[in-house]
file work_32.txt (compact mmCIF, C-alpha atoms)
# COMPACT_ATOMS: atom_id res chain seq x y z
CA MET C 266 -34.94 1.03 17.84
CA ALA C 267 -33.68 3.42 20.46
CA ALA C 268 -31.20 6.14 19.68
CA ILE C 269 -27.65 6.90 20.70
CA TYR C 270 -27.27 10.45 21.98
CA SER C 271 -23.52 10.84 22.09
CA LEU C 272 -20.19 9.05 22.13
CA TYR C 273 -17.10 9.95 24.18
CA ILE C 274 -13.57 8.61 24.22
CA ILE C 275 -11.33 9.73 27.09
CA ASN C 276 -7.65 9.03 27.54
CA LYS C 277 -6.14 7.52 30.64
CA SER C 278 -5.72 10.88 32.34
CA GLY C 279 -9.31 11.93 31.78
CA GLY C 280 -8.87 14.23 28.80
CA LEU C 281 -11.55 14.11 26.13
CA ILE C 282 -9.95 12.90 22.89
CA PHE C 283 -13.09 12.22 20.87
CA TYR C 284 -16.65 13.42 21.08
CA LYS C 285 -19.52 12.90 18.70
CA ASP C 286 -23.08 14.09 19.11
CA TYR C 287 -25.86 12.06 17.50
CA GLY C 288 -28.83 13.72 19.18
CA SER C 289 -30.89 16.23 17.28
CA SER C 290 -32.07 18.06 20.39
CA GLY C 291 -30.25 19.18 23.51
CA ARG C 292 -26.80 19.49 21.97
CA MET C 293 -24.00 20.21 24.39
CA ASP C 294 -21.36 22.81 23.79
CA THR C 295 -17.68 21.93 23.84
CA ASN C 296 -17.11 23.00 27.44
CA ASP C 297 -19.97 20.85 28.68
CA SER C 298 -18.71 17.77 26.87
CA LEU C 299 -15.22 18.30 28.34
CA ARG C 300 -16.80 18.62 31.77
CA VAL C 301 -18.81 15.41 31.38
CA ALA C 302 -15.68 13.58 30.26
CA SER C 303 -13.49 14.57 33.19
CA LEU C 304 -16.38 14.12 35.62
CA TRP C 305 -16.98 10.62 34.38
CA HIS C 306 -13.30 9.82 34.63
CA SER C 307 -13.26 10.83 38.31
CA MET C 308 -16.53 9.06 39.13
CA HIS C 309 -15.25 5.92 37.46
CA ALA C 310 -12.06 6.02 39.54
CA ILE C 311 -13.96 6.73 42.78
CA SER C 312 -16.41 3.90 42.12
CA GLN C 313 -13.49 1.49 41.86
CA GLN C 314 -12.22 2.61 45.27
CA LEU C 315 -15.59 2.58 46.97
CA SER C 316 -16.82 -0.72 45.64
CA PRO C 317 -17.49 -3.32 48.36
CA THR C 318 -16.36 -6.15 46.06
CA VAL C 319 -12.70 -6.88 45.35
CA GLY C 320 -11.35 -6.34 41.83
CA CYS C 321 -14.04 -3.91 40.72
CA LEU C 322 -13.30 -2.36 37.32
CA GLY C 323 -15.53 0.70 37.70
CA ILE C 324 -18.99 1.63 36.54
CA GLU C 325 -20.14 -0.18 33.40
CA LEU C 326 -23.69 1.09 33.22
CA LEU C 327 -25.35 4.15 34.68
CA GLU C 328 -29.12 4.17 34.42
CA ALA C 329 -30.99 7.44 34.78
CA ASP C 330 -34.60 8.46 34.10
CA THR C 331 -33.77 10.06 30.77
CA PHE C 332 -30.67 8.24 29.58
CA ASP C 333 -28.40 5.21 29.96
CA LEU C 334 -24.63 5.56 30.04
CA HIS C 335 -22.63 2.52 28.98
CA CYS C 336 -18.89 2.54 29.62
CA PHE C 337 -16.08 0.31 28.41
CA GLN C 338 -12.54 0.64 29.69
CA SER C 339 -9.70 -0.82 27.65
CA LEU C 340 -6.64 -2.41 29.26
CA THR C 341 -4.61 0.75 28.73
CA GLY C 342 -7.12 2.91 30.57
CA THR C 343 -8.76 4.53 27.58
CA LYS C 344 -12.49 4.78 28.25
CA PHE C 345 -15.24 4.64 25.68
CA PHE C 346 -18.76 5.58 26.69
CA VAL C 347 -22.06 6.16 24.98
CA VAL C 348 -25.03 8.07 26.27
CA CYS C 349 -28.25 6.61 24.84
CA GLU C 350 -31.99 6.36 25.28
CA PRO C 351 -33.04 4.27 28.31
CA GLY C 352 -33.22 0.58 27.52
CA THR C 353 -31.12 0.65 24.34
CA GLN C 354 -29.81 -2.82 23.48
CA HIS C 355 -26.41 -4.06 22.28
CA MET C 356 -24.41 -1.12 23.61
CA GLU C 357 -21.64 -3.31 25.07
CA GLY C 358 -21.19 -4.85 21.63
CA LEU C 359 -21.13 -1.46 19.98
CA LEU C 360 -18.47 -0.21 22.40
CA LYS C 361 -16.30 -3.23 21.59
CA VAL C 362 -16.72 -2.51 17.87
CA ILE C 363 -15.74 1.12 18.44
CA TYR C 364 -12.72 -0.04 20.44
CA GLU C 365 -11.72 -2.22 17.52
CA LEU C 366 -12.06 0.70 15.12
CA TYR C 367 -9.95 2.80 17.49
CA THR C 368 -7.16 0.22 17.51
CA ASP C 369 -7.30 -0.13 13.73
CA TYR C 370 -7.72 3.36 12.40
CA VAL C 371 -6.28 5.45 15.20
CA LEU C 372 -3.47 3.44 16.78
CA LYS C 373 -2.16 2.11 13.47
CA ASN C 374 -2.10 5.59 11.99
CA PRO C 375 1.47 6.96 12.09
CA PHE C 376 0.17 10.54 12.20
CA TYR C 377 -1.77 10.08 15.43
CA GLU C 378 -0.10 11.19 18.64
CA MET C 379 -1.00 9.09 21.66
CA GLU C 380 -3.36 10.69 24.20
CA MET C 381 -4.14 13.54 21.81
CA PRO C 382 -7.51 14.37 20.25
CA ILE C 383 -8.46 11.95 17.45
CA ARG C 384 -8.54 13.47 14.00
CA CYS C 385 -8.55 10.52 11.60
CA GLU C 386 -10.71 10.53 8.52
CA LEU C 387 -10.88 6.75 8.28
CA PHE C 388 -11.98 6.43 11.90
CA ASP C 389 -14.83 8.90 11.30
CA ILE C 390 -15.97 7.08 8.16
CA ASN C 391 -15.97 3.65 9.77
CA LEU C 392 -17.51 4.92 12.97
CA SER C 393 -20.47 6.47 11.19
CA GLN C 394 -21.01 3.13 9.44
CA ALA C 395 -20.84 1.18 12.71
CA THR C 396 -23.30 3.43 14.52
CA GLN C 397 -25.97 3.15 11.86
CA LYS C 398 -29.09 1.75 13.50
CA ASP C 399 -29.40 -1.37 11.37
CA ARG C 400 -25.75 -2.22 11.99
CA VAL C 401 -26.20 -1.87 15.75
CA ALA C 402 -29.27 -4.12 15.63
CA LEU C 403 -27.15 -6.83 13.95
CA LEU C 404 -24.79 -6.87 16.94
CA GLY C 405 -27.48 -8.69 18.93
CA ARG C 406 -27.20 -11.78 16.81
CA MET U 242 8.87 -25.07 19.78
CA ILE U 243 7.10 -26.45 16.75
CA GLY U 244 9.91 -25.41 14.45
CA VAL U 245 12.71 -27.15 16.40
CA GLY U 246 12.68 -30.33 14.38
CA LYS U 247 12.86 -28.39 11.15
CA ILE U 248 15.77 -26.25 12.27
CA LYS U 249 17.68 -29.40 13.21
CA GLN U 250 16.94 -30.93 9.86
CA TYR U 251 18.64 -28.06 8.04
CA SER U 252 21.49 -27.14 10.35
CA ASN U 253 23.16 -25.42 7.41
CA VAL U 254 21.03 -22.61 6.04
CA LEU U 255 22.33 -23.29 2.54
CA ASP U 256 20.82 -26.78 2.58
CA LYS U 257 17.40 -25.36 3.21
CA PRO U 258 15.20 -25.41 0.13
CA LEU U 259 14.14 -22.01 -1.12
CA SER U 260 10.48 -22.78 -0.71
CA LYS U 261 7.68 -20.30 -1.01
CA GLY U 262 7.40 -20.28 2.75
CA LYS U 263 4.39 -19.09 4.64
CA GLN U 264 2.36 -16.85 2.39
CA GLU U 265 0.59 -14.84 5.07
CA VAL U 266 1.68 -12.48 7.78
CA SER U 267 -0.43 -10.64 10.31
CA SER U 268 -1.91 -7.50 8.83
CA SER U 269 -1.83 -5.84 12.25
CA ALA U 270 1.83 -6.64 12.76
CA PHE U 271 2.63 -5.17 9.37
CA ALA U 272 0.47 -2.10 9.99
CA PHE U 273 2.19 -1.36 13.30
CA LEU U 274 5.64 -1.94 11.84
CA PHE U 275 4.93 0.31 8.87
CA SER U 276 3.42 2.94 11.15
CA GLU U 277 6.60 2.86 13.22
CA LEU U 278 8.70 3.18 10.06
CA VAL U 279 6.80 6.30 9.06
CA GLN U 280 6.97 7.74 12.57
CA TYR U 281 10.71 7.15 12.81
CA ASN U 282 11.36 8.75 9.45
CA GLN U 283 9.18 11.68 10.44
CA THR U 284 11.56 12.46 13.28
CA GLN U 285 14.49 12.52 10.85
CA VAL U 286 13.19 15.03 8.33
CA ASP U 287 12.24 18.70 8.11
CA ASN U 288 9.72 18.59 5.30
CA ILE U 289 7.24 16.30 3.61
CA ALA U 290 9.22 15.92 0.38
CA GLU U 291 12.12 14.54 2.36
CA LEU U 292 9.85 12.12 4.24
CA GLU U 293 8.49 10.89 0.93
CA ARG U 294 12.04 10.38 -0.37
CA ARG U 295 13.07 8.43 2.72
CA LEU U 296 10.05 6.14 2.48
CA GLU U 297 10.83 5.60 -1.18
CA ASP U 298 14.41 4.66 -0.34
CA ALA U 299 13.18 2.16 2.24
CA GLY U 300 10.94 0.63 -0.43
CA TYR U 301 13.77 0.59 -2.98
CA ALA U 302 15.73 -1.85 -0.83
CA VAL U 303 12.69 -4.11 -0.64
CA GLY U 304 12.16 -3.95 -4.39
CA ALA U 305 15.75 -4.87 -5.21
CA ARG U 306 15.49 -7.95 -2.99
CA VAL U 307 12.05 -8.95 -4.23
CA LEU U 308 13.26 -8.89 -7.83
CA GLU U 309 16.21 -11.12 -7.00
CA LEU U 310 14.07 -13.59 -5.08
CA LEU U 311 11.21 -13.80 -7.55
CA CYS U 312 13.47 -14.17 -10.56
CA HIS U 313 15.07 -17.12 -8.85
CA ARG U 314 11.89 -18.63 -7.46
CA ASP U 315 9.35 -18.12 -10.21
CA LYS U 316 11.29 -17.53 -13.38
CA GLY U 317 14.20 -19.94 -13.17
CA ASN U 318 16.86 -17.24 -12.89
CA ARG U 319 15.57 -15.34 -15.87
CA ARG U 320 14.21 -11.84 -15.83
CA GLU U 321 12.10 -9.80 -18.15
CA THR U 322 13.99 -7.69 -20.66
CA ARG U 323 11.08 -6.03 -22.41
CA LEU U 324 9.10 -3.08 -21.12
CA LEU U 325 5.65 -4.64 -21.11
CA GLY U 326 7.06 -7.87 -19.74
CA ILE U 327 8.59 -6.21 -16.68
CA LEU U 328 5.48 -4.08 -16.13
CA SER U 329 3.19 -7.08 -16.04
CA PHE U 330 5.75 -8.85 -13.83
CA VAL U 331 5.41 -5.96 -11.33
CA HIS U 332 1.66 -5.75 -11.73
CA SER U 333 0.98 -9.43 -11.20
CA THR U 334 3.88 -11.47 -9.80
CA VAL U 335 5.38 -8.86 -7.47
CA TRP U 336 1.99 -7.58 -6.32
CA LYS U 337 0.75 -11.06 -5.60
CA VAL U 338 3.74 -11.92 -3.45
CA LEU U 339 3.70 -8.63 -1.55
CA PHE U 340 -0.01 -7.93 -1.23
CA GLY U 341 -1.66 -11.27 -1.91
CA LYS U 342 -3.48 -10.03 -5.00
CA VAL U 343 -2.87 -8.69 -8.48
CA ALA U 344 -2.94 -4.87 -8.73
CA ASP U 345 -6.30 -3.42 -9.73
CA SER U 346 -5.11 -1.97 -13.02
CA LEU U 347 -2.11 -1.28 -15.21
CA GLU U 348 -2.53 1.49 -17.74
CA LYS U 349 -0.43 3.46 -20.18
CA GLY U 350 -0.37 7.21 -19.65
CA THR U 351 -2.51 9.06 -22.14
CA GLU U 352 -0.39 12.19 -22.37
CA HIS U 353 3.11 10.79 -22.39
CA GLU U 354 4.56 7.76 -24.14
CA ASP U 355 6.96 6.98 -21.30
CA GLU U 356 4.40 6.93 -18.49
CA TYR U 357 2.61 3.92 -17.06
CA MET U 358 0.26 3.73 -14.09
CA ILE U 359 -0.50 0.97 -11.62
CA SER U 360 -3.66 1.75 -9.67
CA GLU U 361 -4.93 0.22 -6.49
CA LYS U 362 -8.28 0.99 -4.89
CA GLU U 363 -6.96 0.42 -1.42
CA LEU U 364 -3.25 0.01 -1.05
CA LEU U 365 -2.26 -2.29 1.82
CA VAL U 366 0.03 0.30 3.39
CA ASN U 367 -2.73 2.93 3.31
CA ARG U 368 -5.46 0.75 4.76
CA PHE U 369 -5.30 2.24 8.26
CA ILE U 370 -3.67 5.56 7.49
CA SER U 371 -5.49 8.89 7.37
CA ILE U 372 -3.34 11.73 6.08
CA PRO U 373 -3.81 14.90 8.14
CA LYS U 374 -5.10 17.91 6.21
CA ASP U 375 -1.93 19.93 6.74
CA MET U 376 0.22 17.32 4.97
CA GLY U 377 -1.43 18.07 1.65
CA THR U 378 -0.90 15.48 -1.07
CA PHE U 379 1.52 13.29 0.87
CA ASN U 380 0.93 9.59 0.27
CA CYS U 381 2.48 6.74 2.24
CA GLY U 382 2.28 4.79 -1.01
CA ALA U 383 5.71 6.36 -1.60
CA PHE U 384 7.00 3.20 0.05
CA VAL U 385 5.31 1.05 -2.60
CA ALA U 386 6.53 3.44 -5.30
CA GLY U 387 10.01 2.78 -3.94
CA ILE U 388 9.48 -0.97 -4.20
CA VAL U 389 8.42 -0.60 -7.83
CA ARG U 390 11.43 1.60 -8.53
CA GLY U 391 13.69 -0.97 -6.87
CA VAL U 392 12.34 -3.78 -9.03
CA LEU U 393 12.53 -1.76 -12.24
CA ASP U 394 15.98 -0.37 -11.53
CA GLY U 395 17.31 -3.82 -10.65
CA ALA U 396 15.95 -5.22 -13.89
CA GLY U 397 17.63 -2.45 -15.90
CA PHE U 398 14.65 -0.17 -16.39
CA PRO U 399 15.58 3.01 -14.52
CA ALA U 400 12.45 5.03 -13.86
CA VAL U 401 11.04 7.77 -11.68
CA VAL U 402 8.18 6.33 -9.66
CA THR U 403 5.73 8.38 -7.58
CA ALA U 404 2.54 7.67 -5.66
CA HIS U 405 -0.54 9.88 -5.93
CA PHE U 406 -4.06 9.97 -4.58
CA VAL U 407 -6.60 10.09 -7.39
CA PRO U 408 -10.19 10.93 -6.43
CA MET U 409 -12.72 8.47 -7.82
CA GLU U 410 -16.25 9.33 -8.79
CA GLY U 411 -18.85 7.87 -6.46
CA GLN U 412 -16.18 6.61 -4.06
CA HIS U 413 -15.55 7.99 -0.60
CA ARG U 414 -11.84 7.29 -0.66
CA PRO U 415 -9.41 8.26 -3.39
CA ARG U 416 -7.47 5.44 -4.98
CA THR U 417 -3.70 5.36 -5.10
CA THR U 418 -1.95 5.50 -8.45
CA ILE U 419 1.70 4.54 -8.81
CA LEU U 420 3.04 6.62 -11.69
CA ILE U 421 6.04 5.18 -13.51
CA LYS U 422 8.05 7.46 -15.79
CA PHE U 423 10.76 5.52 -17.59
CA GLY U 424 14.14 7.00 -18.40
CA GLU U 425 14.96 8.03 -21.96
CA GLU U 426 17.48 5.23 -22.45
CA VAL U 427 14.85 2.62 -21.59
CA LEU U 428 12.57 3.81 -24.34
CA ARG U 429 15.43 4.09 -26.83
CA ARG U 430 16.44 0.51 -26.10
CA GLU U 431 12.85 -0.64 -26.31
CA ALA U 432 12.56 1.01 -29.72
CA ARG U 433 15.75 -0.70 -30.86
CA LEU U 434 14.57 -4.09 -29.65
CA ALA U 435 11.45 -3.63 -31.69
CA VAL U 436 13.46 -2.79 -34.83
CA PRO U 437 15.18 -6.01 -36.02
CA CYS U 438 12.20 -7.20 -38.06
CA ASP U 439 12.25 -3.97 -40.03
CA ILE U 440 15.97 -4.11 -40.67
CA ILE U 441 15.83 -7.69 -41.82
CA GLY U 442 12.92 -6.67 -44.00
CA SER U 443 14.87 -3.89 -45.65
CA LEU U 444 17.93 -6.10 -46.00
CA PHE U 445 15.75 -8.69 -47.59
CA ASP U 446 14.62 -6.12 -50.12
CA PHE U 447 18.21 -5.22 -50.66
CA CYS U 448 19.16 -8.86 -51.15
CA VAL U 449 16.50 -9.28 -53.73
CA CYS U 450 17.59 -6.28 -55.69
CA SER U 451 21.30 -6.99 -55.28
CA SER U 452 20.81 -10.53 -56.41
CA GLU U 453 19.59 -9.03 -59.62
CA HIS U 454 22.64 -6.90 -59.91
CA GLY U 455 24.86 -9.42 -58.22
CA ASN U 456 26.86 -6.97 -56.16
CA PHE U 457 27.92 -8.35 -52.79
CA ASN U 458 30.02 -5.35 -51.87
CA ASP U 459 26.97 -3.13 -51.73
CA LEU U 460 25.32 -5.44 -49.24
CA VAL U 461 28.41 -5.46 -47.02
CA LYS U 462 28.49 -1.67 -47.17
CA ALA U 463 24.83 -1.54 -46.20
CA ILE U 464 25.43 -3.77 -43.20
CA ILE U 465 28.36 -1.67 -42.06
CA ALA U 466 26.27 1.47 -42.44
CA THR U 467 23.56 0.22 -40.06
CA PRO U 468 24.07 1.09 -36.37
CA VAL U 469 26.63 -1.15 -34.71
CA ASP U 470 24.52 -1.88 -31.63
CA VAL U 471 21.68 -3.37 -33.64
CA LYS U 472 21.79 -7.12 -33.52
CA TYR U 473 20.70 -9.00 -36.58
CA THR U 474 21.12 -12.32 -38.19
CA ILE U 475 21.11 -12.78 -41.88
CA SER U 476 21.23 -16.05 -43.60
CA LEU U 477 22.20 -15.83 -47.20
CA HIS U 478 21.05 -18.21 -49.77
CA PRO U 479 24.14 -19.26 -51.74
CA ASN U 480 22.38 -18.76 -55.04
CA SER U 481 21.16 -15.29 -54.22
CA PHE U 482 24.44 -13.72 -55.08
CA ASP U 483 26.84 -13.84 -57.84
CA LEU U 484 29.90 -14.06 -55.60
CA GLY U 485 33.36 -13.80 -56.97
CA GLN U 486 36.29 -15.23 -55.01
CA ASP U 487 38.03 -11.86 -54.74
CA GLU U 488 34.92 -10.19 -53.41
CA LEU U 489 34.54 -12.69 -50.57
CA SER U 490 38.00 -12.02 -49.17
call {"tool": "encode", "arguments": {"input": "work_32.txt", "output": "structure tokens"}}
result
Amino acid sequence: MAAIYSLYIINKSGGLIFYKDYGSSGRMDTNDSLRVASLWHSMHAISQQLSPTVGCLGIELLEADTFDLHCFQSLTGTKFFVVCEPGTQHMEGLLKVIYELYTDYVLKNPFYEMEMPIRCELFDINLSQATQKDRVALLGR
Amino acid sequence: MIGVGKIKQYSNVLDKPLSKGKQEVSSSAFAFLFSELVQYNQTQVDNIAELERRLEDAGYAVGARVLELLCHRDKGNRRETRLLGILSFVHSTVWKVLFGKVADSLEKGTEHEDEYMISEKELLVNRFISIPKDMGTFNCGAFVAGIVRGVLDGAGFPAVVTAHFVPMEGQHRPRTTILIKFGEEVLRREARLAVPCDIIGSLFDFCVCSSEHGNFNDLVKAIIATPVDVKYTISLHPNSFDLGQDELS
């Protein structure tokens, strides 16, 4: 079972509202993660413009030598993306699960301000459960 | 458009039977509505205590209505008059209608006689809510506490009801406890309602001894001496007393 390195959630204007690091080596500092987030936001937007096909929704998967980056954009423009080991399975499913957790425990929380960094205990608890390896493996079924 | 035929059938709302209706509503719809309620109230207050009070007031209105409806629907226009009766009514009937299940537990406070607790492992209103650290012990269960207060107050059991988080051993999330502290008058009345057996008992003793002495006046004096608001019924056996005509009048 391949590992997830990190998870990002960015709001519709490209600001990083949630970041979680799962890797044990090569941790990024806060500035780097903010940079990745806004960079990805721009690249995603540019890819939509440059795409030769009509109705392109932006990059869904970026494959590199050392990592895969899976991205899911919700209807409101919030983007969820995970950086993981090359060839990791079920990442689209995981992103949908995370989106569901976001709508449940973040958007239904009266103390959360839209577009602001996510600080919700329940979201953290449920997210750590969802990203457990055996749970992710079950998504394939 | 499915409902059109039904609406036509009962053009007058008063003709419509007071059925149980649909028992389920969308949990998401409720969660968003409740979240909006909290957010609106947050804009109207300066401090957390006031927010808690406003949520409680919102719940109070719900409680008063729920009591009315359930008494009519489930209890044939009767309501509980005893303390334990109304508590179990809240714990089971009210909870089932509002949250689809009976509350996890109903306990009597260990330290105070007038305190009762209804505990819930995961309160419906708190299911999606994380309290920020800077809000301290604030609990959105204040709304449910308000509902309980509304029911109790409407039934004639004025009480102070508050919601608290109680950490549980081995559990990640604290449970919510609704603490009910009844007013003094409620307990006094409850004590009085429990008394009649004793009074009748002592009167019975009195009857026995007065029948020996045959003095009806003493019995009448004893009855007058007992508190006026105590209700009792005494049936006298005609042979128990040696009644003279003059004494009866």
call {"tool": "closest_atom_pairs", "arguments": {"input": "work_32.txt", "of": "chain U", "to": "chain C", "cutoff": "10 Å", "atoms": "all atoms listed in the file", "output": "CSV"}}
result
residue,atom,partner,partner_atom,distance
U:Ser269,CA,C:Asp369,CA,8.0
U:Ala270,CA,C:Lys373,CA,9.6
U:Phe271,CA,C:Lys373,CA,9.6
U:Ala272,CA,C:Lys373,CA,6.1
U:Phe273,CA,C:Lys373,CA,5.6
U:Leu274,CA,C:Lys373,CA,8.9
U:Phe275,CA,C:Pro375,CA,8.2
U:Ser276,CA,C:Pro375,CA,4.6
U:Glu277,CA,C:Pro375,CA,6.7
U:Leu278,CA,C:Pro375,CA,8.4
U:Val279,CA,C:Pro375,CA,6.2
U:Gln280,CA,C:Pro375,CA,5.6
U:Tyr281,CA,C:Pro375,CA,9.3
U:Gln283,CA,C:Pro375,CA,9.2
U:Asn367,CA,C:Asn374,CA,9.1
U:Arg368,CA,C:Tyr370,CA,8.4
U:Phe369,CA,C:Tyr370,CA,4.9
U:Ile370,CA,C:Asn374,CA,4.8
U:Ser371,CA,C:Cys385,CA,5.5
U:Ile372,CA,C:Phe376,CA,7.2
U:Pro373,CA,C:Phe376,CA,7.2
U:Lys374,CA,C:Glu386,CA,9.6
U:Met376,CA,C:Phe376,CA,9.9
U:Cys381,CA,C:Pro375,CA,9.9
U:His413,CA,C:Ile390,CA,8.8
U:Arg414,CA,C:Leu387,CA,9.0
call {"tool": "write_last_selection", "arguments": {"input": "work_32.txt", "atoms": "C-alpha atoms", "output": "PDB file, keeping the file's coordinate frame"}}
result
ATOM      1  CA  SER U 269      -1.830  -5.840  12.250  1.00  0.00           C
ATOM      2  CA  ALA U 270       1.830  -6.640  12.760  1.00  0.00           C
ATOM      3  CA  PHE U 271       2.630  -5.170   9.370  1.00  0.00           C
ATOM      4  CA  ALA U 272       0.470  -2.100   9.990  1.00  0.00           C
ATOM      5  CA  PHE U 273       2.190  -1.360  13.300  1.00  0.00           C
ATOM      6  CA  LEU U 274       5.640  -1.940  11.840  1.00  0.00           C
ATOM      7  CA  PHE U 275       4.930   0.310   8.870  1.00  0.00           C
ATOM      8  CA  SER U 276       3.420   2.940  11.150  1.00  0.00           C
ATOM      9  CA  GLU U 277       6.600   2.860  13.220  1.00  0.00           C
ATOM     10  CA  LEU U 278       8.700   3.180  10.060  1.00  0.00           C
ATOM     11  CA  VAL U 279       6.800   6.300   9.060  1.00  0.00           C
ATOM     12  CA  GLN U 280       6.970   7.740  12.570  1.00  0.00           C
ATOM     13  CA  TYR U 281      10.710   7.150  12.810  1.00  0.00           C
ATOM     14  CA  GLN U 283       9.180  11.680  10.440  1.00  0.00           C
ATOM     15  CA  ASN U 367      -2.730   2.930   3.310  1.00  0.00           C
ATOM     16  CA  ARG U 368      -5.460   0.750   4.760  1.00  0.00           C
ATOM     17  CA  PHE U 369      -5.300   2.240   8.260  1.00  0.00           C
ATOM     18  CA  ILE U 370      -3.670   5.560   7.490  1.00  0.00           C
ATOM     19  CA  SER U 371      -5.490   8.890   7.370  1.00  0.00           C
ATOM     20  CA  ILE U 372      -3.340  11.730   6.080  1.00  0.00           C
ATOM     21  CA  PRO U 373      -3.810  14.900   8.140  1.00  0.00           C
ATOM     22  CA  LYS U 374      -5.100  17.910   6.210  1.00  0.00           C
ATOM     23  CA  MET U 376       0.220  17.320   4.970  1.00  0.00           C
ATOM     24  CA  CYS U 381       2.480   6.740   2.240  1.00  0.00           C
ATOM     25  CA  HIS U 413     -15.550   7.990  -0.600  1.00  0.00           C
ATOM     26  CA  ARG U 414     -11.840   7.290  -0.660  1.00  0.00           C
TER      27      ARG U 414
END
call {"tool": "residues_near_point", "arguments": {"input": "work_32.txt", "point": "(-16.2, 1.4, 12.9)", "cutoff": "7 Å", "atoms": "all atoms listed in the file", "output": "MDAnalysis selection string"}}
result
chainID C and resid 362:363 366 388 391:395
call {"tool": "closest_residue", "arguments": {"input": "work_32.txt", "among": "C:Ser278, C:Gln354, C:Ser339, C:Thr295", "to": "Lys398 in chain C", "atoms": "only C-alpha atoms"}}
result
C:Gln354
call {"tool": "atom_distance", "arguments": {"input": "work_32.txt", "atom1": "CA of Gly382 in chain U", "atom2": "CA of Lys337 in chain U"}}
result
16.6 Å
call {"tool": "atom_distance", "arguments": {"input": "work_32.txt", "atom1": "CA of Pro258 in chain U", "atom2": "CA of Arg306 in chain U"}}
result
17.7 Å
call {"tool": "closest_residue", "arguments": {"input": "work_32.txt", "among": "C:Val348, C:Met308, C:Ile282, C:Ile275", "to": "His335 in chain C", "atoms": "only C-alpha atoms"}}
result
C:Val348
call {"tool": "residues_around", "arguments": {"input": "work_32.txt", "residues": "Cys336 in chain C", "least_positions_apart": "6", "cutoff": "6 Å", "atoms": "only C-alpha atoms", "output": "PyMOL selection string"}}
result
chain C and resi 325+345-346
call {"tool": "closest_residue", "arguments": {"input": "work_32.txt", "among": "C:Tyr284, C:Thr343, C:Glu365, C:Arg292", "to": "Glu380 in chain C", "atoms": "only C-alpha atoms"}}
result
C:Thr343
call {"tool": "atom_distance", "arguments": {"input": "work_32.txt", "atom1": "CA of Tyr273 in chain C", "atom2": "CA of Val319 in chain C"}}
result
27.4 Å
call {"tool": "residues_around", "arguments": {"input": "work_32.txt", "residues": "range 357-361 of chain U", "least_positions_apart": "6", "cutoff": "8 Å", "atoms": "all atoms listed in the file", "output": "compact mmCIF listing (two decimals) with C-alpha atoms, in the coordinates of the input"}}
result
# COMPACT_ATOMS: atom_id res chain seq x y z
CA HIS U 332 1.66 -5.75 -11.73
CA ALA U 344 -2.94 -4.87 -8.73
CA ASP U 345 -6.30 -3.42 -9.73
CA SER U 346 -5.11 -1.97 -13.02
CA LEU U 347 -2.11 -1.28 -15.21
CA GLU U 348 -2.53 1.49 -17.74
CA LYS U 349 -0.43 3.46 -20.18
CA GLY U 350 -0.37 7.21 -19.65
CA ARG U 416 -7.47 5.44 -4.98
CA THR U 417 -3.70 5.36 -5.10
CA THR U 418 -1.95 5.50 -8.45
CA ILE U 419 1.70 4.54 -8.81
CA LEU U 420 3.04 6.62 -11.69
CA ILE U 421 6.04 5.18 -13.51
CA LYS U 422 8.05 7.46 -15.79
call {"tool": "closest_residue", "arguments": {"input": "work_32.txt", "among": "C:Thr353, C:Thr341, C:Thr331, C:Asn296", "to": "Asn276 in chain C", "atoms": "all atoms listed in the file"}}
result
C:Thr341
call {"tool": "residues_around", "arguments": {"input": "work_32.txt", "residues": "Gly300 in chain U", "least_positions_apart": "6", "cutoff": "7 Å", "atoms": "all atoms listed in the file", "output": "number ranges by chain"}}
result
U: 384-385, 387-388
call {"tool": "residues_around", "arguments": {"input": "work_32.txt", "residues": "range 320-324 of chain C", "least_positions_apart": "4", "cutoff": "10 Å", "atoms": "all atoms listed in the file", "output": "MDAnalysis selection string"}}
result
chainID C and resid 305:306 308:316 334:338
call {"tool": "residues_around", "arguments": {"input": "work_32.txt", "residues": "Ala402 in chain C", "least_positions_apart": "6", "cutoff": "12 Å", "atoms": "only C-alpha atoms", "output": "list in words"}}
result
Met266, Ala267, Ala268, Thr353, Gln354, His355, Met356, Gly358, Leu359, Ala395 and Thr396 of chain C
call {"tool": "decode", "arguments": {"input": "work_32.txt", "residues": "range 351-356 of chain C", "atoms": "N, CA and C atoms", "output": "short mmCIF file (atom, residue, chain, number, x, y, z; two decimals), in the first residue's frame"}}
result
data_model
loop_
_atom_site.label_atom_id
_atom_site.label_comp_id
_atom_site.auth_asym_id
_atom_site.auth_seq_id
_atom_site.Cartn_x
_atom_site.Cartn_y
_atom_site.Cartn_z
N PRO C 351 4.01 7.56 -6.28
CA PRO C 351 3.55 7.26 -7.64
C PRO C 351 2.77 5.95 -7.69
N GLY C 352 1.67 5.97 -8.39
CA GLY C 352 0.88 4.75 -8.57
C GLY C 352 -0.09 4.43 -7.45
N THR C 353 -0.29 5.37 -6.52
CA THR C 353 -1.24 5.09 -5.43
C THR C 353 -2.66 5.01 -5.97
N GLN C 354 -3.40 3.99 -5.51
CA GLN C 354 -4.77 3.77 -5.99
C GLN C 354 -5.81 4.52 -5.16
N HIS C 355 -6.99 4.62 -5.70
CA HIS C 355 -8.20 5.11 -5.00
C HIS C 355 -8.13 6.55 -4.53
N MET C 356 -7.26 7.36 -5.12
CA MET C 356 -7.14 8.73 -4.63
C MET C 356 -8.35 9.60 -4.98
#
